[in-house]
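A.B. asks: Sharing a structure below in structure tokens format, with a few things to ask.
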Amino acid sequence: MSLAVAIQREAETRSNRRSRIASVATDTPVTRIDPLLDARWEPFVQHHPRTSVFHSTAWLKALERTYGYKSVAFTTSGAHDKLDNAVVFCEINSWLTGRRLVSLPFSDHCEPLAPSATAAAILKDAIEQELDRGRFRYIEIRPLQPLSFATGVHRTTVSYAFHELDLRPDTETLYRNLHRDSIQRKIRRAAREGLTLREGTEEKLLDDFYALMKVTRERHRVPPQPKQWFRNLMECFGNGLTIRVAYSGPQPVAGMLTLQYGDTMVYKYGCSDVRFNNLGGMHLLYWQAIQEAKALGLRRFDFGRVDADQPGLITFKNRWGAAQSTLTYSRYSKSEHSTHLFDLPLGDWKTRTAQSIMSRLPSPVVTKIGQLLYRHVG
């Protein structure tokens with residue numbers, strides 16, 4: 001065999017491994033596609049009944065622009081067929097935390113868009129083969145609905161609370177369903193205090209929102225996300241993103257960023273100046289966003305996830321009349337030792353030490369740490 005032929009065959013073998021993985025379950029080939037290059041992706045997710053903002057091209061583009069994450073989807077649909085099932089991931093390639101596939105980074109949930117258990121099994125086989133090839137330390141899925149299947153690799157799970165408000169009742173009913181003392185009273189207090197609301201995507205709003213975000217993150221002793229992340233979200237989502245800021249006079253006291261996709265408005269980020277929390281600014285922002293979502297004819301308001309060890313925040317979201325469920329993230333790896341620094345529970349001494357150090361650093365230093373480290377977290 002000539003050297004040229006050998007090189008060609010090796011190239012073909014690598015190409016076949018990248019593009020097509022045989023499914024043990026059904027012998028149906030599973031294809032890897034790039035959602036940002038495949039013209040079928042956005043029409044597919046726009047019409048799929050289980051899609052979310054986190055499947056959207058806009059979200060995937062913002063992740064790539066900010067953190068360099070390359071998205072990949074697994075599907076049984078052929079290259080020239082209509083796309084009718086997929087599970088989307090991002091490849092995180094970090095010298096600090098290792099290489100891994102996550103569905104999806106910085107996303108509260110990401111449902112596998114597969115129409116049947118058979119399709120889910122096919123995609124499961126593809127994931128197992130990715131681990132067998134040794135390219136990734138682990139593969140993580142973050143489904144909205146419980147998802148469990150038998151696999152020969154090690155699986156660990158972590159659970160979160162999730163809240164979603166049904167917007168189909170009329171506005172008066174939605175308001176009556178709010179907790180009378182802790183929610184309705186706070187909304188009325190904000191009105192009495194004369195708080196004003198501004199919303200949009202102009203730079204001044206982003207500046208005020210990000211200043212509140214830095215204060216909030218520092219209060220929790222974690223670095224803020226890079227400002228460029230929010231700017232990229234604004235550019236990618238356009239009119240589908242809204243920044244809302246509540247002011248007491250000229251002073252910004254609370255901020256919120258929401259994303260609209262399909263029939264859902266998603267509360268993604270919130271922040272406040274704790275000195276003014278008694279004014280009810282955050283409550284006013286939530287109620288304003290819910291009313292706007294209702295006026296737009298949307299069906300759901302997604303309150304996002306909450307860590308299981310935050311009962312106060314869970315109670316707060318319950319008091320908005322939202323339905324609570326459980327998100328279970330699953331991580332699949334060849335080894336039990338796949339945890340890295342950023343996965344450690346808050347009670348862990350290493351995390352407490354890191355938070356203690358953060359609290360002693362100047363604000364610009366903490367912000368710079370966030371710019372450097374967030375791409376390694378995912």
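Residues are named by chain letter and number: chains run A, B, ... in the order of the structure tokens, numbers start at 1 in each chain, and ligands are numbered from 1 in the order shown.
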What's around range 53-63 of chain A at 6 Å? Count only C-alpha atoms, leave out sequence neighbours fewer than 2 positions away in its own chain, and write the answer as a count of residues only.
C.D. replies: 9
A.B. asks: So that I can see what lies close to Trp320 in chain A, please list as an NGL selection string the residues with an atom at most 9 Å from it, counting only C-alpha atoms and leaving out residues fewer than 6 positions away in the same chain.
C.D. replies: :A and (165 or 174-175 or 177-179 or 183)
A.B. asks: Suppose we keep N, CA and C atoms; can you now write the selection as a PDB file, in the first residue's frame?
C.D. replies:
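Output below, filename result_18.pdb:
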```
ATOM      1  N   LEU A 165     -44.593  29.254  35.391  1.00  0.00           N
ATOM      2  CA  LEU A 165     -45.924  29.819  35.605  1.00  0.00           C
ATOM      3  C   LEU A 165     -46.759  29.677  34.345  1.00  0.00           C
ATOM      4  N   LEU A 174     -54.101  35.681  37.720  1.00  0.00           N
ATOM      5  CA  LEU A 174     -52.676  35.561  37.997  1.00  0.00           C
ATOM      6  C   LEU A 174     -52.295  36.393  39.223  1.00  0.00           C
ATOM      7  N   TYR A 175     -52.856  37.594  39.308  1.00  0.00           N
ATOM      8  CA  TYR A 175     -52.528  38.450  40.460  1.00  0.00           C
ATOM      9  C   TYR A 175     -53.103  37.878  41.750  1.00  0.00           C
ATOM     10  N   ASN A 177     -53.475  34.879  42.469  1.00  0.00           N
ATOM     11  CA  ASN A 177     -52.709  33.695  42.854  1.00  0.00           C
ATOM     12  C   ASN A 177     -51.365  34.036  43.497  1.00  0.00           C
ATOM     13  N   LEU A 178     -50.978  35.297  43.447  1.00  0.00           N
ATOM     14  CA  LEU A 178     -49.746  35.719  44.111  1.00  0.00           C
ATOM     15  C   LEU A 178     -49.949  35.707  45.621  1.00  0.00           C
ATOM     16  N   HIS A 179     -48.906  35.366  46.351  1.00  0.00           N
ATOM     17  CA  HIS A 179     -48.981  35.375  47.815  1.00  0.00           C
ATOM     18  C   HIS A 179     -49.362  36.781  48.279  1.00  0.00           C
ATOM     19  N   ILE A 183     -45.846  38.917  48.249  1.00  0.00           N
ATOM     20  CA  ILE A 183     -45.706  39.315  46.850  1.00  0.00           C
ATOM     21  C   ILE A 183     -46.610  40.514  46.531  1.00  0.00           C
TER      22      ILE A 183
END
```
A.B. asks: For CA of Tyr332 in chain A and CA of Tyr138 in chain A, quote the distance in Å rounded to one decimal.
C.D. replies: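 Atom-to-atom, CA of Tyr332 in chain A and CA of Tyr138 in chain A are spaced 5.5 Å apart.
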A.B. asks: Determine which residues of range 140-327 of chain A receive a DSSP assignment of strand (DSSP E), computed from the backbone, and state them as a PyMOL selection string.
C.D. replies: chain A and resi 140-141+154-166+196-200+241-248+251-261+264-272+300-307+323-327
A.B. asks: Write out as a ChimeraX atom specification which residues come within 8 Å of Phe303 in chain A when counting only C-alpha atoms, dropping same-chain ones fewer than 3 positions away.
C.D. replies: /A:162-165,266-268,317
A.B. asks: Export N, CA, C and O atoms of the chosen residues as a PDB file, in the first residue's frame?
C.D. replies:
```pdb
ATOM      1  N   PHE A 162     -37.256  23.633  39.882  1.00  0.00           N
ATOM      2  CA  PHE A 162     -37.580  24.401  38.677  1.00  0.00           C
ATOM      3  C   PHE A 162     -39.005  24.913  38.804  1.00  0.00           C
ATOM      4  O   PHE A 162     -39.891  24.205  39.282  1.00  0.00           O
ATOM      5  N   HIS A 163     -39.217  26.164  38.384  1.00  0.00           N
ATOM      6  CA  HIS A 163     -40.530  26.782  38.501  1.00  0.00           C
ATOM      7  C   HIS A 163     -40.973  27.353  37.165  1.00  0.00           C
ATOM      8  O   HIS A 163     -40.190  28.008  36.471  1.00  0.00           O
ATOM      9  N   GLU A 164     -42.249  27.124  36.851  1.00  0.00           N
ATOM     10  CA  GLU A 164     -42.821  27.641  35.620  1.00  0.00           C
ATOM     11  C   GLU A 164     -44.254  28.080  35.891  1.00  0.00           C
ATOM     12  O   GLU A 164     -45.022  27.365  36.532  1.00  0.00           O
ATOM     13  N   LEU A 165     -44.593  29.254  35.391  1.00  0.00           N
ATOM     14  CA  LEU A 165     -45.924  29.819  35.605  1.00  0.00           C
ATOM     15  C   LEU A 165     -46.759  29.677  34.345  1.00  0.00           C
ATOM     16  O   LEU A 165     -46.338  30.065  33.249  1.00  0.00           O
ATOM     17  N   VAL A 266     -38.463  33.729  29.477  1.00  0.00           N
ATOM     18  CA  VAL A 266     -37.546  33.103  30.431  1.00  0.00           C
ATOM     19  C   VAL A 266     -36.867  34.174  31.276  1.00  0.00           C
ATOM     20  O   VAL A 266     -36.215  35.082  30.734  1.00  0.00           O
ATOM     21  N   TYR A 267     -37.052  34.081  32.581  1.00  0.00           N
ATOM     22  CA  TYR A 267     -36.266  34.898  33.505  1.00  0.00           C
ATOM     23  C   TYR A 267     -34.888  34.242  33.603  1.00  0.00           C
ATOM     24  O   TYR A 267     -34.754  33.126  34.083  1.00  0.00           O
ATOM     25  N   LYS A 268     -33.853  34.946  33.122  1.00  0.00           N
ATOM     26  CA  LYS A 268     -32.524  34.336  33.110  1.00  0.00           C
ATOM     27  C   LYS A 268     -31.599  34.919  34.154  1.00  0.00           C
ATOM     28  O   LYS A 268     -30.852  34.183  34.783  1.00  0.00           O
ATOM     29  N   LYS A 317     -40.280  31.690  44.820  1.00  0.00           N
ATOM     30  CA  LYS A 317     -40.832  31.414  43.493  1.00  0.00           C
ATOM     31  C   LYS A 317     -42.169  30.680  43.582  1.00  0.00           C
ATOM     32  O   LYS A 317     -43.055  30.891  42.752  1.00  0.00           O
TER      33      LYS A 317
END
```
A.B. asks: Go through A:Gln46, A:Thr28, A:Ser94, A:Asn85 and flag the residue nearest Val377 in chain A, using only C-alpha atoms for the distances.
C.D. replies: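 Distance minimum relative to Val377 in chain A lands on A:Ser94.
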A.B. asks: Rounded to one decimal in Å, what is the spacing between CA of Gln228 in chain A and CA of Glu199 in chain A?
C.D. replies: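 Atom-to-atom, CA of Gln228 in chain A and CA of Glu199 in chain A are spaced 19.2 Å apart.
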A.B. asks: Using DSSP on the backbone coordinates, identify the residues of range 36-104 of chain A assigned to helix (DSSP H, G or I); present them as a ChimeraX atom specification.
C.D. replies: /A:41-47,53-55,57-67
A.B. asks: Report the distance between CA of Ala308 in chain A and CA of Gln324 in chain A in Å, rounded to one decimal place.
C.D. replies: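 Between these atoms lies a distance of 11.9 Å.
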A.B. asks: Compare A:Lys227, A:Arg50, A:Arg135, A:Arg168 by their minimum atom-to-atom distance to Arg300 in chain A, counting only C-alpha atoms, and give me the closest one.
C.D. replies: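 Looking at the shortest contact to Arg300 in chain A, the residue is A:Arg168.
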A.B. asks: Tell me, as a PyMOL selection string, which residues lie within 10 Å of Pro146 in chain A, counting only C-alpha atoms; anything in the same chain fewer than 6 positions away does not count.
C.D. replies: chain A and resi 111+326-330
A.B. asks: How would the residues just chosen look if you wrote them out with N, CA, C and O atoms as an mmCIF file, in the first residue's frame?
C.D. replies:
```cif
data_model
loop_
_atom_site.group_PDB
_atom_site.id
_atom_site.type_symbol
_atom_site.label_atom_id
_atom_site.label_comp_id
_atom_site.auth_asym_id
_atom_site.auth_seq_id
_atom_site.Cartn_x
_atom_site.Cartn_y
_atom_site.Cartn_z
ATOM 1 N N GLU A 111 -33.810 19.952 26.803
ATOM 2 C CA GLU A 111 -34.465 18.677 26.520
ATOM 3 C C GLU A 111 -33.857 17.994 25.292
ATOM 4 O O GLU A 111 -33.593 18.669 24.277
ATOM 5 N N THR A 326 -38.781 19.126 39.451
ATOM 6 C CA THR A 326 -37.381 18.836 39.733
ATOM 7 C C THR A 326 -36.606 18.633 38.441
ATOM 8 O O THR A 326 -37.042 17.893 37.552
ATOM 9 N N LEU A 327 -35.490 19.327 38.338
ATOM 10 C CA LEU A 327 -34.544 19.096 37.247
ATOM 11 C C LEU A 327 -33.464 18.150 37.747
ATOM 12 O O LEU A 327 -32.902 18.374 38.821
ATOM 13 N N THR A 328 -33.178 17.116 36.991
ATOM 14 C CA THR A 328 -32.110 16.179 37.364
ATOM 15 C C THR A 328 -31.077 16.160 36.246
ATOM 16 O O THR A 328 -31.355 15.711 35.136
ATOM 17 N N TYR A 329 -29.911 16.673 36.561
ATOM 18 C CA TYR A 329 -28.798 16.635 35.618
ATOM 19 C C TYR A 329 -28.058 15.313 35.795
ATOM 20 O O TYR A 329 -27.867 14.846 36.919
ATOM 21 N N SER A 330 -27.636 14.724 34.690
ATOM 22 C CA SER A 330 -26.893 13.466 34.732
ATOM 23 C C SER A 330 -25.546 13.645 34.045
ATOM 24 O O SER A 330 -25.472 14.235 32.963
#
```
A.B. asks: For Arg180 in chain A, which residue out of A:Arg192, A:Asp273, A:Arg319, A:Leu113 is the nearest one, using only C-alpha atoms?
C.D. replies: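 Of A:Arg192, A:Asp273, A:Arg319, A:Leu113, the one nearest Arg180 in chain A, counting only C-alpha atoms, is A:Arg319.
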A.B. asks: List the neighbours of range 149-156 of chain A out to 7 Å using only C-alpha atoms; skip same-chain residues closer than 2 positions along the sequence, and give me the result as a ChimeraX atom specification.
C.D. replies: /A:147,330-336
